[in-house]
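Enquirer: After the structure tokens below, expect a handful of questions from me.
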2 protein chains.
Amino acid sequence: MKAKEVLKEHVAKNVALTDEEFEYFFSHFELQNFKKGQVIISEGSIVDYEYFVISGCLKSFFINDELKMFILQFAMPSWWASDFDALYNHTKASISLDCITDVEVLRLSNANREKICREIHSVESFFRWRTNRGYVASQKRLLSFMNNNVKFRYEELLSLYPELYNIVPKNLIAAYLGVSRETLSRLYHT
Amino acid sequence: MKAKEVLKEHVAKNVALTDEEFEYFFSHFELQNFKKGQVIISEGSIVDYEYFVISGCLKSFFINDELKMFILQFAMPSWWASDFDALYNHTKASISLDCITDVEVLRLSNANREKICREIHSVESFFRWRTNRGYVASQKRLLSFMNNNVKFRYEELLSLYPELYNIVPKNLIAAYLGVSRETLSRLYHT
């Protein structure tokens, strides 16, 4: 039951649930496996779930009007991924989510999240903390994107997430930084 | 007591508090007035408060390595503003927050927010919803920034927030869109 342990440890970092509360919380999740390259959310689709990564790596991305791909987020173990705008507001997905490697996730439906937040105050507290963290990461990502210094941003990314260097192809790292693969190569002879 | 009414209406959009609960919630806020141009948070400072706008307009911004200003957010009435990374993680501010017009705000300290979230489940629920909304707005902002079509983004901004057109100088709108004032003028003869 590796998945349960990963989620339990993640939750315990912020809130104290009794074993009984955690079991109940966990009973609302479903374990899913995806293969490398599989699409979990595609742009334009309805989004009913958010995904907690147990193993592997996801990317959420967006293709702009000039058909250039931008990566919003890499999601590694213990990160959550979805199109949260579509999920919370019942609109169609404006981004896609797919698998960089084989992936194991725990998925949670919108309805179940709201249900357990209502039922257990500490669970609501956990999700507030989770979203606060996501919000801050998103603001930092925006600041990073506004700052043109690619070299700094590349080094910052790899110092925050050194494991990305081995898992994620360089063309995807370039798409995350908003530069071409060639620009990244010139800087790093990668 | 306009401020109290604005906050009450904002909270009631998402959660149901009794009058007594709302009075208690409200007692944790402080009313503050700032003049146009005043700085509320400056980069590098300690951040202890978040600000709920009652009247006027704030901007949060960032000066990049090439001394170019980027605007992360305009905060109009019923919006919240702060450097949330610094606020939640007790780090120094990486952005600044100042007043585009004279401004009236309700400020809430980090400690008081956590206290009332612990004490009243519905208040925790409110703040989860609030941050979810902020997170989604931040993700949309990132998508908008990644998409190079300035004309589309300008029209989107003004259709979402038509009141900005009269309140915010065009050079600040350009800084929000990540283009020069000249580029914006060429597109719109503004």
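Naming scheme: A, B, ... for chains in displayed order of the structure tokens; residues 1 onward per chain; ligands 1 onward as shown.
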Considering only C-alpha atoms, extract the chain B residues located within 10 Å of chain A and return them as a ChimeraX atom specification.
Expert: /B:61-72,83-89,94-95,114,117-118,120-122,124-149,178
Enquirer: Pull the strand (DSSP E) assignments for range 52-125 of chain B out of DSSP run on the backbone, and list those residues as JSON, numbers by chain.
Expert: {"B": [52, 53, 54, 55, 58, 59, 60, 61, 62, 63, 69, 70, 71, 72, 73, 74, 75, 80, 81, 96, 97, 98, 99, 103, 104, 105, 106, 107, 108, 109]}
Enquirer: Taking into account only C-alpha atoms, which residue in the set B:Leu164, B:Arg107, B:Glu20, B:Leu157 is nearest to Met76 in chain B?
Expert: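 Of B:Leu164, B:Arg107, B:Glu20, B:Leu157, the one nearest Met76 in chain B is B:Leu164, counting only C-alpha atoms.
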Enquirer: Give the alpha helix (DSSP H) residues of chain A, as assigned by DSSP on the backbone, as a ChimeraX atom specification.
Expert: /A:2-12,19-26,84-89,110-119,121-146,150-160,164-167,170-177,181-188
Enquirer: For Tyr49 in chain B, which residue out of B:Lys35, B:Arg113, B:Lys4, B:Arg186 is the nearest one, using only C-alpha atoms?
Expert: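 Among B:Lys35, B:Arg113, B:Lys4, B:Arg186, it is B:Arg113 that comes nearest to Tyr49 in chain B.
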Enquirer: Kindly give the distance, in Å, that separates CA of Asn14 in chain B and CA of Trp80 in chain A, rounded to a single decimal.
Expert: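 Taking CA of Asn14 in chain B as the start and CA of Trp80 in chain A as the end point, the length is 23.8 Å.
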Enquirer: How many Å lie between CA of Phe74 in chain B and CA of Thr91 in chain B, rounded to one decimal?
Expert: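 Rounded to one decimal, the two atoms are 22.5 Å apart.
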Enquirer: Which distance in Å separates CA of Leu17 in chain B and CA of Gln73 in chain B, to one decimal?
Expert: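 Distance between the two atoms: 29.0 Å.
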